[in-house]
Amino acid sequence: MSEINAQSMLDVIDGRTSLGIEFGSTRIKAVLIDSSFTPIASGSYEWENKLENGIWTYPLEDVWKGLRVSYRRMAAEVFETYGETITTIGSIGFSAMMHGYLAFDKDDQLLTPFRTWRNAMTQEAEQLLTKNFHYNIPQRWSIAHLYQAILNKEEHIKEVTFLTTLAGYVHWQLTGEKVLGIGDASGMFPIDTATKNYHQGMKEIFDQLIEKEHIDLDLNQILPKILLAGEEGGKLTESGAYLIDPTGNLKPGIPICPPEGDAGTGMTATNSVAKRTGNISAGTSAFAMIVLEKELQEVHPEIDLVTTPTGELVAMVHTNNCSSEINAWMNLFEEFTNTLGMEISREKLFSVLFEKSLEGDPDCGGLLSYGYFSGENIMGVNEGRPLFVRTPESRFTLANFIRVHLASSFGAMRIGMDILKSEAVHIDRLVGHGGIFKTPEVGQRLLASAMEAPVTVMETAGEGGAWGIALLAAYMLDQSGQTLEAFLANDVFAGDTGTTISPSKEELAGYQVFIERYREGIEIEKTAITKLR
């Protein structure tokens, strides 16, 4: 057995491990890490949200089934690898999709089916709260769901005594504690970064709004207590241990860190929790998380404001579309090669064509594309029409064709980042993660041009949010007194500086020409929506 495996086995035996379990939109994943913060076992469970009576939801029984299955598969991998049965763990953490609506009565009974972040049913509440708070409140936020239910005069509102997120619910059931990490809480209600608590000024405004509806609810009573990274969120109860592991092997008493949202675990997993740093996740959709130095001066509907797990303010630029159109064209190229009887793996097809794009013109040769399979809020587009267009003078080459689709995959995000730039937001370091970066350098170089900043890709960036919450669980046990930023930099990522690419002057100038064309051409996209049915 290698030295690393031997140490990991000792960590398993002595309980010097940390477990992170994240409830994502399509997968529940459990990751166990050793004392060097290296993943040593994992297990997962696939699940899907369901549209029931017009509401996107997950049955709560699926929450517990997914938790048990993912844990069991992780524990089985530990046994197969090290011959050890897990009985205790150094620390545990739970995270999940942010936002949504889980409301309970005084008897801890769920009042309505779980309303996930995906539901776009709170437009009236969103507009009224944003106007009165002078603070952007997206439809998916918990407070928007609560206020919309009040405006709709839903009967259950009078019985609400506790409101939480999915991560907060799981944590509560396993520890008995109604708490929430500040990052997840920031997607429920705005945070006062000075007090690291819910914003009391906005809470008073909310009180006045609901008084007009003859509703008496105290947010300070019904919202979870806020905790910061490093604090203990409670301990695993006997009934909680049974919920995770019905075999009875896992013992109670394990300390559990504050439950967090997937935004906070993503920041942690990419070492992007310090001010002037950020991470960009690029896949089917894309979003950028930038840790701010100060509050924004204006309210921007395109920018969500949340926090890091330690309560630092974060600007989130979210785009609905990123790689779907690239994948669609790759499917066409794959069909073409198959028709010719050529056996080319999909991985090679991606790498060869991506690398070809580096031969293209910095401005993409005058080509233009919009990979909008769905609407794009930042661009004022409410439906999707994937579109490729060129002029007779455009330089229509294979390199430029691939390059323009890569460039446009970051186009809407660049528009959002320009809003932050107008607010004098400075970025020292960006970490990119997601499938678009699998081919070395290519996506990273285009992103650096789009963001006008160096972009780093690390080997560990692909470990995901379950690893991120496992790191937060490990940080809770850290006795050195260092900040989360220092813990990540000094202990976790010290040997993983990643690969950093800075854009050249030519690349910056070329992307600027492209993005101006992208802005101007959006009317073509809007016309396609009305004319192409």
# chains A, B, ... in the order shown; residues from 1 in each chain; ligands from 1
call {"tool": "residues_around", "arguments": {"residues": "Gly465 in chain A", "least_positions_apart": "4", "cutoff": "8 Å", "atoms": "only C-alpha atoms", "output": "PyMOL selection string"}}
result
chain A and resi 22+95+262+265-266+269+469
call {"tool": "write_last_selection", "arguments": {"atoms": "N, CA and C atoms", "output": "PDB file, in the first residue's frame"}}
result
ATOM      1  N   GLU A  22     -23.641  17.150  -0.872  1.00  0.00           N
ATOM      2  CA  GLU A  22     -24.329  18.260  -1.531  1.00  0.00           C
ATOM      3  C   GLU A  22     -25.523  17.757  -2.336  1.00  0.00           C
ATOM      4  N   SER A  95     -24.731  20.725   2.057  1.00  0.00           N
ATOM      5  CA  SER A  95     -25.019  21.888   1.220  1.00  0.00           C
ATOM      6  C   SER A  95     -26.059  21.491   0.186  1.00  0.00           C
ATOM      7  N   ASP A 262     -24.947  26.092  -2.656  1.00  0.00           N
ATOM      8  CA  ASP A 262     -23.991  25.644  -3.670  1.00  0.00           C
ATOM      9  C   ASP A 262     -23.081  26.766  -4.157  1.00  0.00           C
ATOM     10  N   THR A 265     -20.161  26.755  -1.566  1.00  0.00           N
ATOM     11  CA  THR A 265     -19.271  25.600  -1.691  1.00  0.00           C
ATOM     12  C   THR A 265     -18.450  25.694  -2.980  1.00  0.00           C
ATOM     13  N   GLY A 266     -19.027  26.297  -4.028  1.00  0.00           N
ATOM     14  CA  GLY A 266     -18.259  26.509  -5.255  1.00  0.00           C
ATOM     15  C   GLY A 266     -17.115  27.471  -5.047  1.00  0.00           C
ATOM     16  N   ALA A 269     -14.446  25.553  -3.064  1.00  0.00           N
ATOM     17  CA  ALA A 269     -13.766  24.521  -3.853  1.00  0.00           C
ATOM     18  C   ALA A 269     -12.809  25.107  -4.880  1.00  0.00           C
ATOM     19  N   ILE A 469     -18.044  21.636   0.591  1.00  0.00           N
ATOM     20  CA  ILE A 469     -18.646  21.591   1.926  1.00  0.00           C
ATOM     21  C   ILE A 469     -17.839  20.680   2.846  1.00  0.00           C
TER      22      ILE A 469
END
call {"tool": "select_by_dssp", "arguments": {"residues": "range 9-92 of chain A", "states": "strand (DSSP E)", "output": "compact mmCIF listing (two decimals) with C-alpha atoms, in the first residue's frame"}}
result
# COMPACT_ATOMS: atom_id res chain seq x y z
CA SER A 18 -14.50 15.06 6.88
CA LEU A 19 -17.63 14.28 4.89
CA GLY A 20 -19.42 16.66 2.55
CA ILE A 21 -22.81 15.90 1.03
CA GLU A 22 -24.33 18.26 -1.53
CA PHE A 23 -27.87 18.14 -2.89
CA ARG A 27 -27.33 14.64 -8.30
CA ILE A 28 -26.77 14.14 -4.60
CA LYS A 29 -23.08 13.55 -3.98
CA ALA A 30 -21.11 12.48 -0.91
CA VAL A 31 -17.34 13.07 -0.75
CA LEU A 32 -15.09 11.89 2.08
CA ILE A 33 -11.72 13.62 2.49
CA PRO A 39 -11.00 13.00 -1.61
CA ILE A 40 -10.67 9.31 -0.78
CA ALA A 41 -14.20 8.03 -1.49
CA SER A 42 -17.44 9.23 -2.99
CA GLY A 43 -20.97 8.12 -3.73
CA SER A 44 -23.84 9.69 -5.60
CA TYR A 45 -27.54 9.42 -6.35
CA GLU A 46 -29.31 10.80 -9.42
CA LYS A 50 -40.90 17.20 -10.85
CA LEU A 51 -43.59 19.58 -12.07
CA GLU A 52 -46.58 18.93 -9.84
CA ILE A 55 -44.79 23.73 -9.04
CA TRP A 56 -41.24 22.47 -9.58
CA THR A 57 -40.51 20.33 -6.53
CA SER A 91 -16.82 16.38 10.85
CA ILE A 92 -19.72 16.56 8.40
call {"tool": "select_by_dssp", "arguments": {"residues": "range 102-248 of chain A", "states": "helix (DSSP H, G or I)", "output": "count of residues only"}}
result
63
call {"tool": "decode", "arguments": {"residues": "range 294-331 of chain A", "atoms": "N, CA and C atoms", "output": "compact mmCIF listing (two decimals), in the first residue's frame"}}
result
# COMPACT_ATOMS: atom_id res chain seq x y z
N LYS A 294 -16.75 46.48 -1.59
CA LYS A 294 -17.73 47.41 -1.04
C LYS A 294 -19.08 47.16 -1.71
N GLU A 295 -20.12 47.77 -1.15
CA GLU A 295 -21.46 47.68 -1.71
C GLU A 295 -21.50 48.34 -3.09
N LEU A 296 -22.38 47.83 -3.96
CA LEU A 296 -22.60 48.49 -5.25
C LEU A 296 -23.39 49.77 -5.04
N GLN A 297 -23.17 50.75 -5.90
CA GLN A 297 -23.83 52.04 -5.76
C GLN A 297 -25.27 52.01 -6.25
N GLU A 298 -25.54 51.19 -7.26
CA GLU A 298 -26.86 51.14 -7.86
C GLU A 298 -27.44 49.73 -7.76
N VAL A 299 -28.77 49.66 -7.92
CA VAL A 299 -29.45 48.37 -7.97
C VAL A 299 -29.46 47.90 -9.42
N HIS A 300 -28.92 46.71 -9.65
CA HIS A 300 -28.86 46.15 -11.00
C HIS A 300 -29.63 44.83 -11.03
N PRO A 301 -30.74 44.78 -11.78
CA PRO A 301 -31.50 43.53 -11.87
C PRO A 301 -30.68 42.36 -12.41
N GLU A 302 -29.60 42.67 -13.14
CA GLU A 302 -28.77 41.62 -13.71
C GLU A 302 -27.79 41.01 -12.71
N ILE A 303 -27.64 41.66 -11.54
CA ILE A 303 -26.63 41.25 -10.56
C ILE A 303 -27.30 40.81 -9.27
N ASP A 304 -27.06 39.56 -8.86
CA ASP A 304 -27.50 39.09 -7.55
C ASP A 304 -26.41 39.41 -6.53
N LEU A 305 -26.82 39.72 -5.30
CA LEU A 305 -25.86 39.96 -4.23
C LEU A 305 -26.05 38.89 -3.15
N VAL A 306 -25.00 38.10 -2.96
CA VAL A 306 -25.00 37.07 -1.92
C VAL A 306 -23.73 37.24 -1.09
N THR A 307 -23.33 36.24 -0.32
CA THR A 307 -22.09 36.37 0.46
C THR A 307 -21.27 35.09 0.39
N THR A 308 -20.02 35.22 0.79
CA THR A 308 -19.15 34.07 0.99
C THR A 308 -19.58 33.36 2.28
N PRO A 309 -19.04 32.18 2.56
CA PRO A 309 -19.37 31.50 3.83
C PRO A 309 -18.92 32.25 5.08
N THR A 310 -18.12 33.31 4.89
CA THR A 310 -17.72 34.14 6.04
C THR A 310 -18.43 35.48 6.06
N GLY A 311 -19.33 35.70 5.11
CA GLY A 311 -20.14 36.91 5.14
C GLY A 311 -19.64 38.07 4.32
N GLU A 312 -18.66 37.84 3.44
CA GLU A 312 -18.20 38.91 2.56
C GLU A 312 -19.15 39.02 1.37
N LEU A 313 -19.40 40.24 0.92
CA LEU A 313 -20.37 40.48 -0.14
C LEU A 313 -19.86 39.96 -1.48
N VAL A 314 -20.75 39.31 -2.22
CA VAL A 314 -20.41 38.70 -3.51
C VAL A 314 -21.42 39.14 -4.56
N ALA A 315 -20.92 39.54 -5.73
CA ALA A 315 -21.77 39.83 -6.87
C ALA A 315 -21.83 38.60 -7.75
N MET A 316 -23.03 38.21 -8.13
CA MET A 316 -23.22 37.03 -8.95
C MET A 316 -23.82 37.43 -10.29
N VAL A 317 -23.11 37.09 -11.37
CA VAL A 317 -23.60 37.31 -12.72
C VAL A 317 -23.99 35.95 -13.28
N HIS A 318 -25.28 35.74 -13.49
CA HIS A 318 -25.76 34.42 -13.92
C HIS A 318 -26.30 34.51 -15.34
N THR A 319 -25.88 33.57 -16.18
CA THR A 319 -26.41 33.49 -17.55
C THR A 319 -27.01 32.10 -17.76
N ASN A 320 -28.11 32.05 -18.47
CA ASN A 320 -28.83 30.79 -18.67
C ASN A 320 -28.19 29.89 -19.72
N ASN A 321 -27.39 30.48 -20.60
CA ASN A 321 -26.84 29.72 -21.73
C ASN A 321 -25.33 29.84 -21.79
N CYS A 322 -24.68 28.72 -22.12
CA CYS A 322 -23.23 28.75 -22.29
C CYS A 322 -22.80 27.76 -23.37
N SER A 323 -22.77 26.48 -23.05
CA SER A 323 -22.14 25.51 -23.95
C SER A 323 -23.12 24.71 -24.81
N SER A 324 -24.42 24.92 -24.67
CA SER A 324 -25.39 24.08 -25.38
C SER A 324 -25.24 24.19 -26.90
N GLU A 325 -25.03 25.39 -27.41
CA GLU A 325 -24.91 25.56 -28.85
C GLU A 325 -23.61 24.96 -29.37
N ILE A 326 -22.54 25.06 -28.58
CA ILE A 326 -21.28 24.40 -28.95
C ILE A 326 -21.49 22.90 -29.06
N ASN A 327 -22.19 22.33 -28.08
CA ASN A 327 -22.46 20.89 -28.10
C ASN A 327 -23.31 20.51 -29.32
N ALA A 328 -24.25 21.37 -29.68
CA ALA A 328 -25.11 21.07 -30.83
C ALA A 328 -24.29 21.01 -32.12
N TRP A 329 -23.37 21.94 -32.29
CA TRP A 329 -22.52 21.93 -33.48
C TRP A 329 -21.57 20.73 -33.47
N MET A 330 -21.09 20.36 -32.27
CA MET A 330 -20.22 19.19 -32.19
C MET A 330 -20.99 17.93 -32.58
N ASN A 331 -22.27 17.88 -32.23
CA ASN A 331 -23.10 16.74 -32.65
C ASN A 331 -23.18 16.67 -34.17
